[in-house]
Structures are given as C-alpha cells and as structure tokens.
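Pasted below: data_24.cif, mmCIF, C-alpha atoms and all ligand atoms.
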data_target
loop_
_atom_site.label_atom_id
_atom_site.label_comp_id
_atom_site.auth_asym_id
_atom_site.auth_seq_id
_atom_site.Cartn_x
_atom_site.Cartn_y
_atom_site.Cartn_z
CA MET A 1 0.00 0.00 0.00
CA LYS A 2 1.06 3.61 -0.46
CA VAL A 3 1.36 6.19 2.34
CA GLY A 4 1.30 9.96 1.77
CA LEU A 5 2.31 12.79 4.12
CA ILE A 6 1.52 16.46 3.59
CA GLN A 7 3.96 18.67 5.48
CA PHE A 8 2.86 22.30 5.26
CA SER A 9 1.84 25.27 7.40
CA PRO A 10 -1.83 25.46 8.43
CA ALA A 11 -3.08 29.06 8.94
CA LEU A 12 -3.82 29.94 12.58
CA ALA A 13 -7.56 30.52 13.07
CA GLU A 14 -8.14 30.70 9.30
CA ARG A 15 -9.70 27.41 8.30
CA ASP A 16 -10.68 28.49 4.79
CA GLU A 17 -7.13 29.61 4.03
CA THR A 18 -5.84 26.26 5.34
CA ILE A 19 -8.24 24.40 3.04
CA ARG A 20 -7.00 26.53 0.13
CA ARG A 21 -3.41 25.51 0.98
CA ILE A 22 -4.20 21.78 1.32
CA ASP A 23 -6.27 21.57 -1.87
CA PRO A 24 -3.45 21.32 -4.48
CA LEU A 25 -1.21 19.33 -2.11
CA ILE A 26 -3.75 16.60 -1.43
CA ASP A 27 -4.43 16.23 -5.16
CA ARG A 28 -0.75 15.26 -5.51
CA CYS A 29 -1.47 12.23 -3.26
CA LYS A 30 -3.59 10.53 -5.94
CA GLY A 31 -2.67 6.84 -5.89
CA ALA A 32 -2.03 6.78 -2.13
CA ASP A 33 -4.06 4.57 0.21
CA ILE A 34 -3.58 6.64 3.36
CA VAL A 35 -2.67 10.33 3.59
CA VAL A 36 -1.59 11.93 6.87
CA LEU A 37 -1.93 15.65 7.71
CA PRO A 38 -0.47 17.60 10.68
CA GLU A 39 -1.89 18.07 14.19
CA LEU A 40 -4.71 20.62 14.72
CA CYS A 41 -4.83 21.05 10.97
CA ASN A 42 -8.20 22.84 10.88
CA SER A 43 -7.26 25.47 13.47
CA GLY A 44 -3.50 26.00 13.78
CA TYR A 45 -1.70 25.39 17.06
CA ASN A 46 -0.40 28.27 19.17
CA PHE A 47 -3.64 29.92 20.31
CA PRO A 48 -3.20 33.34 21.96
CA SER A 49 -6.41 32.78 23.98
CA ARG A 50 -9.07 30.22 24.80
CA GLU A 51 -11.40 32.21 22.57
CA THR A 52 -9.13 31.62 19.55
CA ALA A 53 -9.01 27.90 20.31
CA TRP A 54 -12.79 27.80 20.68
CA ASN A 55 -13.40 29.74 17.46
CA GLY A 56 -11.01 27.44 15.57
CA SER A 57 -12.71 24.27 16.82
CA GLU A 58 -15.43 22.35 15.00
CA VAL A 59 -17.94 19.63 15.80
CA ILE A 60 -17.02 16.67 13.56
CA GLU A 61 -20.54 16.20 12.18
CA GLU A 62 -20.84 19.90 11.23
CA SER A 63 -17.24 20.55 10.16
CA ILE A 64 -16.52 22.27 6.85
CA PHE A 65 -12.94 20.99 7.13
CA ILE A 66 -14.05 17.36 7.50
CA ARG A 67 -16.56 17.73 4.62
CA PHE A 68 -13.68 19.02 2.44
CA LEU A 69 -11.54 15.99 3.32
CA GLU A 70 -14.46 13.57 2.82
CA ASP A 71 -14.91 15.00 -0.65
CA LYS A 72 -11.21 14.48 -1.44
CA CYS A 73 -11.34 10.89 -0.10
CA ARG A 74 -14.38 10.14 -2.23
CA HIS A 75 -12.85 11.57 -5.42
CA LEU A 76 -9.31 10.32 -4.95
CA GLY A 77 -10.19 6.98 -3.33
CA PHE A 78 -7.97 7.14 -0.26
CA HIS A 79 -8.21 7.49 3.52
CA VAL A 80 -6.96 10.55 5.40
CA VAL A 81 -5.78 10.92 9.00
CA SER A 82 -5.89 14.57 10.05
CA GLY A 83 -5.25 16.41 13.27
CA PHE A 84 -8.45 18.17 14.27
CA CYS A 85 -9.45 20.79 16.86
CA GLU A 86 -12.60 19.04 18.05
CA ARG A 87 -15.48 20.65 19.92
CA ASP A 88 -17.77 18.33 21.86
CA GLY A 89 -20.41 20.16 23.90
CA GLY A 90 -18.49 22.73 25.95
CA LEU A 91 -15.18 20.84 25.73
CA LEU A 92 -12.28 20.85 23.27
CA PHE A 93 -10.11 17.86 22.33
CA ASN A 94 -6.90 17.70 20.32
CA SER A 95 -8.02 14.85 18.06
CA ALA A 96 -6.99 12.80 15.03
CA VAL A 97 -9.82 11.88 12.67
CA LEU A 98 -9.74 8.98 10.19
CA ILE A 99 -11.80 9.71 7.09
CA GLY A 100 -12.45 7.48 4.06
CA PRO A 101 -14.41 7.51 0.80
CA ASN A 102 -17.59 6.78 2.79
CA GLY A 103 -17.03 9.46 5.43
CA VAL A 104 -15.64 9.52 8.98
CA VAL A 105 -14.38 6.11 10.14
CA GLY A 106 -13.29 7.04 13.66
CA LYS A 107 -11.22 9.29 15.86
CA TYR A 108 -8.59 9.36 18.58
CA ARG A 109 -8.24 12.06 21.24
CA LYS A 110 -4.67 12.99 22.26
CA LEU A 111 -3.85 11.49 25.65
CA HIS A 112 -0.73 13.48 26.55
CA LEU A 113 -1.19 17.24 26.29
CA PHE A 114 1.90 19.43 25.74
CA MET A 115 2.53 22.78 27.49
CA ASN A 116 -0.27 25.34 26.87
CA GLU A 117 -2.54 22.72 25.32
CA LYS A 118 -3.44 22.02 28.95
CA ASP A 119 -5.14 25.45 29.08
CA TYR A 120 -7.51 24.66 26.20
CA PHE A 121 -8.00 20.92 25.77
CA GLN A 122 -9.25 18.00 27.81
CA PRO A 123 -6.93 14.98 27.81
CA GLY A 124 -8.21 12.16 25.61
CA ASP A 125 -10.97 9.98 27.01
CA MET A 126 -11.35 7.34 24.28
CA GLY A 127 -8.34 5.09 24.85
CA LEU A 128 -6.30 3.88 21.89
CA PRO A 129 -8.62 2.59 19.17
CA ILE A 130 -7.50 0.53 16.18
CA PHE A 131 -9.24 0.69 12.81
CA ASP A 132 -9.19 -2.27 10.44
CA LEU A 133 -9.45 -0.97 6.87
CA GLY A 134 -9.08 -4.44 5.34
CA PHE A 135 -5.77 -3.63 3.63
CA CYS A 136 -4.21 -2.57 6.95
CA LYS A 137 -4.87 -1.87 10.63
CA ILE A 138 -4.31 1.72 11.69
CA GLY A 139 -3.62 3.25 15.08
CA MET A 140 -3.35 6.98 15.68
CA LEU A 141 -1.26 9.09 18.07
CA VAL A 142 -0.91 12.87 18.18
CA CYS A 143 2.44 14.67 18.48
CA PHE A 144 3.67 14.68 22.12
CA ASP A 145 2.20 11.21 22.64
CA TRP A 146 5.48 10.15 21.00
CA PHE A 147 7.26 10.58 24.35
CA PHE A 148 5.32 7.73 25.99
CA PRO A 149 6.45 4.25 24.89
CA GLU A 150 3.38 2.66 26.50
CA VAL A 151 0.99 3.93 23.83
CA TRP A 152 3.12 2.62 20.96
CA ARG A 153 3.30 -0.81 22.58
CA ILE A 154 -0.45 -0.94 23.29
CA LEU A 155 -1.31 -0.09 19.68
CA SER A 156 1.13 -2.66 18.34
CA LEU A 157 -0.17 -5.33 20.74
CA GLU A 158 -3.66 -4.51 19.48
CA GLY A 159 -2.50 -5.26 15.95
CA ALA A 160 -1.64 -1.89 14.39
CA ASP A 161 0.40 -2.27 11.20
CA ILE A 162 0.94 1.45 10.96
CA ILE A 163 0.62 4.32 13.41
CA CYS A 164 -0.39 7.59 11.80
CA HIS A 165 0.98 10.47 13.84
CA PRO A 166 -0.23 14.01 13.05
CA SER A 167 2.22 16.39 14.72
CA ASN A 168 3.21 19.98 15.41
CA LEU A 169 6.67 19.19 16.82
CA VAL A 170 8.66 21.97 18.48
CA LEU A 171 11.47 20.25 20.44
CA PRO A 172 14.20 20.25 17.75
CA GLY A 173 15.04 16.81 16.41
CA LEU A 174 13.94 14.76 19.42
CA ALA A 175 10.85 13.02 18.07
CA GLN A 176 12.58 12.48 14.74
CA LYS A 177 15.22 10.45 16.66
CA ALA A 178 12.68 8.49 18.70
CA ILE A 179 10.11 7.59 16.05
CA PRO A 180 12.31 5.16 14.08
CA VAL A 181 13.08 3.47 17.42
CA HIS A 182 9.37 3.15 18.27
CA ALA A 183 8.90 1.62 14.79
CA LEU A 184 11.81 -0.76 15.38
CA THR A 185 10.89 -1.89 18.90
CA ASN A 186 7.27 -2.49 17.91
CA ARG A 187 8.03 -3.75 14.39
CA ILE A 188 5.48 -1.46 12.80
CA PHE A 189 5.37 1.37 10.27
CA VAL A 190 5.06 4.93 11.54
CA ALA A 191 3.98 7.94 9.48
CA THR A 192 4.75 11.17 11.37
CA CYS A 193 3.36 14.21 9.57
CA ASN A 194 4.85 17.32 11.12
CA ARG A 195 4.24 20.93 10.10
CA VAL A 196 6.52 23.86 9.27
CA GLY A 197 6.45 27.61 9.91
CA SER A 198 6.08 29.60 13.13
CA GLU A 199 3.22 30.79 15.30
CA GLY A 200 4.09 33.36 17.99
CA ASP A 201 7.12 32.07 19.87
CA LEU A 202 6.87 28.52 18.51
CA HIS A 203 8.82 27.26 15.52
CA PHE A 204 7.78 23.91 14.04
CA THR A 205 10.53 21.52 13.09
CA GLY A 206 9.47 19.80 9.83
CA LEU A 207 11.40 16.61 8.94
CA SER A 208 8.23 14.54 8.68
CA LEU A 209 9.06 10.89 8.17
CA ILE A 210 7.94 7.37 7.38
CA ALA A 211 9.78 4.71 9.40
CA ASP A 212 9.71 0.95 8.85
CA PRO A 213 9.72 -2.08 11.20
CA LYS A 214 13.53 -2.19 11.09
CA GLY A 215 13.79 1.44 12.21
CA GLU A 216 14.86 2.63 8.77
CA VAL A 217 13.63 6.04 7.62
CA LEU A 218 11.98 5.31 4.26
CA ALA A 219 11.16 8.92 3.45
CA GLU A 220 11.92 12.25 5.07
CA ALA A 221 10.65 15.76 4.36
CA SER A 222 12.66 18.97 4.52
CA ARG A 223 13.27 20.95 7.73
CA GLU A 224 11.44 24.12 6.66
CA GLY A 225 9.48 23.60 3.45
CA THR A 226 6.12 22.38 2.23
CA ASP A 227 6.53 18.76 1.07
CA VAL A 228 4.39 15.89 -0.12
CA LEU A 229 5.93 12.47 0.61
CA LEU A 230 4.62 9.31 -1.03
CA ARG A 231 6.03 5.89 -0.19
CA GLU A 232 5.03 2.31 -0.93
CA ILE A 233 5.13 0.02 2.13
CA ASP A 234 4.67 -3.74 2.55
CA VAL A 235 2.22 -4.13 5.45
CA ASP A 236 3.15 -7.82 5.90
CA ARG A 237 6.51 -6.69 7.28
CA ALA A 238 4.69 -5.28 10.33
CA ARG A 239 3.00 -8.64 10.95
CA ASP A 240 6.22 -10.61 11.37
CA LYS A 241 7.09 -10.19 15.06
CA ASN A 242 9.91 -12.76 15.04
CA ILE A 243 13.15 -11.12 16.13
CA THR A 244 15.32 -14.26 15.91
CA LYS A 245 14.50 -17.97 15.46
CA ARG A 246 13.97 -18.09 19.24
CA ASN A 247 12.66 -14.64 20.04
CA HIS A 248 9.24 -13.20 19.42
CA LEU A 249 8.41 -9.59 20.22
CA PHE A 250 5.14 -10.42 21.96
CA HIS A 251 5.64 -14.00 23.22
CA ASP A 252 8.88 -13.09 24.98
CA ARG A 253 7.25 -10.32 26.97
CA ARG A 254 7.11 -10.66 30.79
CA PRO A 255 3.98 -8.69 31.70
CA ARG A 256 3.92 -9.90 35.32
CA GLU A 257 7.25 -8.18 35.82
CA TYR A 258 5.89 -4.96 34.32
CA ILE A 259 3.16 -4.44 36.90
CA SER A 260 4.60 -1.13 38.17
CA LEU A 261 3.77 0.35 34.75
CA VAL A 262 0.07 0.44 35.59
CA ARG A 263 0.34 1.74 39.15
C1 LIG A 301 3.08 18.89 20.59
O1 LIG A 301 2.57 17.96 21.20
N1 LIG A 301 2.40 19.57 19.70
C2 LIG A 301 4.46 19.27 20.83
#
Any chance you could give the structure as structure tokens?
Amino acid sequence: MKVGLIQFSPALAERDETIRRIDPLIDRCKGADIVVLPELCNSGYNFPSRETAWNGSEVIEESIFIRFLEDKCRHLGFHVVSGFCERDGGLLFNSAVLIGPNGVVGKYRKLHLFMNEKDYFQPGDMGLPIFDLGFCKIGMLVCFDWFFPEVWRILSLEGADIICHPSNLVLPGLAQKAIPVHALTNRIFVATCNRVGSEGDLHFTGLSLIADPKGEVLAEASREGTDVLLREIDVDRARDKNITKRNHLFHDRRPREYISLVR
C-alpha cells in the first residue's frame, strides 16, 4: 500500500485559508491509500487565547474541514488521517480523525497534552482505538504522545500495522530520533506528519518521516518547506514479530514483571 504525508503550514484561526493551501497538495497524493496531515490542521496550534481555540474548533458532524476531506477521499479513493481541533459540547479535544471515501471512520483524542494545550483541551478519554481498513490496521497518536512508549506498545499489541501520527513538533530533532526506534521496537510502520512555519514564539521543526519495522527512515521531508511524501510500504513486514529464530516480540514479553507500569 502507499502512504502519503503532507507537510505544510496550516493558517492559525483561518480554516478556509488552510483548506485553500491543502487543496493542491492533497491532489498530488492521488494513488495513495492513506494520507496523513499535521496536528490541529483545521485550526493551527499556538492559540493566543481560549477564545481563539474555541473559534477554531469544530464539531465533527458539522465541520466544513471534514466535509472538504471527505470529498477528497471520495474523489481520490484514499483514507486521510488529520489532526483536528474538536469541539464536543463545551469541551475541546486535540483529536486525530480517520476519514475514508464513505465518510468519517473514527477518531482518537490525544492522551498526553503538551505545554499550553493544557489550558484549552481535555486529555483524551477514548483510549487507543485501532481501525481495520481491510488492507491494513491503523492506530493513531498525536504529536507529544510520542514521548510515551506505553501507547506505541499498546497499539502494536492490538495489531496496528501502521501508526499515523499528526504532529506539530517543536522540540528540535527529538521526536525524529525516537520515532524510528518506536517503529523498530514495535516492528510497525510509523507515518509522522509534522508541520513547518512559526506561530508566535513557537517554531515547528518539519522533517516529517515514514519509518519501517527495522527502524529505517523510508522517506523524510525537509526541515522548513512544504513537502508531499509518497512511499510504498509492505504491510506484511509489520505482521512478522519474530526477532530471531527463538525470540518473538510479543511471546517473549514478561507482563507480570511490568506491573509497576500500571500503578
Ligand atoms: C506537541 O505535542 N504539539 C508538541
């Protein structure tokens, strides 16, 4: 199957301008099976106030941004994972939404909030869902979740072949070092779609990447520029959990010795 990443700069609090920017980029992903967009793609990231975060948020069922992506999925025949500033009643969540040719398939709400996100968003309350698309099983994480090895392991134990990871990374180079290692130690594919540009005092670090179950970086975007990455992957490679003839990633685990992890 083919994975696409769209690294660009969403416009803060200007959803229509963001859609205008994505439009020609997503058309370049024709032929992909899954396309990943950055975190909080409909709203931008570095909100100066709660009001800006609120005004940038959308309810999934009423979202112009989601309707735009549904339309693209229908016409181009792929699935999209996009970061999404989600409003639910009076609450906001930093979410990732999986959309396909028949509409919204599901969502994940970011579990680990970074810095000022804690002023605007609720931490995720939907666990770590997996979505079986037939041709592959997808898990989703959002940006700073990368720092927590537990979530990568849970998704891989649940059968994820690929983790789609919309991001707005700001700590220079750190996630880009760790992601291939998460791919390696879980023997999965990871598609991290970062953004570029600056908002206020935050500069986003680009270098979006696709990593494989051996920890190799199959494709990498630039540090500063808008980039569309497309890469063929063999999903079966994520289903072979044999490390040696006598070692299996899951069967060799010692969960009884890991009990302090869930205290
Ligand atoms: C981040 O979680 N956006 C750094």
Requested in this report: Check the smallest atom-to-atom distance from each of A:Asn55, A:Asn194, A:Asn186, A:Ser9 to ligand LIG 301 (chain A) using all atoms listed in the file, then report the winner.
Outcome: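 With all atoms listed in the file as the atom set, the closest residue is A:Asn194.
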Leaving out Asp201 of chain A and any residue of its chain fewer than 4 positions from it, which residues lie within 12 Å of it when counting only C-alpha atoms, given as a PDB file with C-alpha atoms, keeping the file's coordinate frame?
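Heads up, here's the output in selection06.pdb:
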ATOM      1  CA  TYR A  45      -1.700  25.390  17.060  1.00  0.00           C
ATOM      2  CA  ASN A  46      -0.400  28.270  19.170  1.00  0.00           C
ATOM      3  CA  PHE A  47      -3.640  29.920  20.310  1.00  0.00           C
ATOM      4  CA  PRO A  48      -3.200  33.340  21.960  1.00  0.00           C
ATOM      5  CA  VAL A 170       8.660  21.970  18.480  1.00  0.00           C
ATOM      6  CA  GLY A 197       6.450  27.610   9.910  1.00  0.00           C
TER       7      GLY A 197
END
Query - Radius query 10 Å about (8.6, 13.0, 11.0), atoms used: only C-alpha atoms, as number ranges by chain - result: A: 5, 7, 143, 165-169, 173, 175-180, 190-195, 205-211, 217, 219-223
Query raised in the report: So how far away is atom CA of Asp161 of chain A from atom CA of Arg263 of chain A, in Å?
Result: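 If I compute the distance from atom CA of Arg263 of chain A to atom CA of Asp161 of chain A, I get 28.2 Å.
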**Report entry** Interatomic distance (Å, one decimal) between atom CA of Val3 of chain A and atom CA of Ile34 of chain A
**Finding:**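 So the answer is 5.1 Å.
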Query raised in the report: Could you list, as a list of chain:residue names, all the residues within 9 Å of ligand LIG 301 (chain A), counting all atoms listed in the file?
Result: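 Those within range of ligand LIG 301 (chain A) are A:Glu39, A:Leu40, A:Tyr45, A:Lys110, A:His112, A:Leu113, A:Phe114, A:Met115, A:Glu117, A:Val142, A:Cys143, A:Phe144, A:Asp145, A:Trp146, A:Ser167, A:Asn168, A:Leu169, A:Val170, A:Leu171, A:Phe204.
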Query raised in the report: atom CA of Phe78 of chain A and atom CA of Arg231 of chain A, how far apart in Å?
Result: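 Computed distance, atom CA of Arg231 of chain A to atom CA of Phe78 of chain A, equals 14.1 Å.
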Query - Closest of A:Asn102, A:Ser63, A:Ser57, A:Ser260 to Gly77 of chain A - atom-to-atom distances counting all atoms listed in the file - result: A:Asn102
Query raised in the report: So, counting all atoms listed in the file, which residue among A:Leu133, A:Leu184, A:Val228, A:Val235 is closest to Val35 of chain A?
Result: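 Looking at the shortest contact to Val35 of chain A, the residue is A:Val228.
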Report task. Using all atoms listed in the file, find the one residue out of A:Asp23, A:Asp240, A:Asp119, A:Asp88 that sits nearest to Lys214 of chain A. Result ->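 Result for the nearest residue to Lys214 of chain A: A:Asp240.
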Query - Best match for closeness to Glu150 of chain A among A:Ala53, A:Leu25, A:Leu202, A:Leu128, counting all atoms listed in the file - result: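 Among the listed residues, the smallest separation from Glu150 of chain A belongs to A:Leu128.
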Requested in this report: Would you mind listing what lies within 12 Å of Cys73 of chain A as number ranges by chain, with all atoms listed in the file counted and same-chain residues fewer than 4 positions away left out?
Outcome: A: 23, 26-27, 29-35, 66-69, 77-81, 98-105
Report task. Rank nothing, just name the residue among A:Asp236, A:Leu230, A:Phe65, A:Glu224 nearest to Phe189 of chain A, using all atoms listed in the file. Result ->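 Nearest to Phe189 of chain A: A:Asp236.
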Test item: axis-aligned box, all listed atoms of segment 115-128 of chain A, 5 Å on each side, centre and edges in Å rounded to one decimal, as JSON:
{"center_x": -4.4, "center_y": 14.7, "center_z": 25.5, "size_x": 23.9, "size_y": 31.6, "size_z": 17.2}
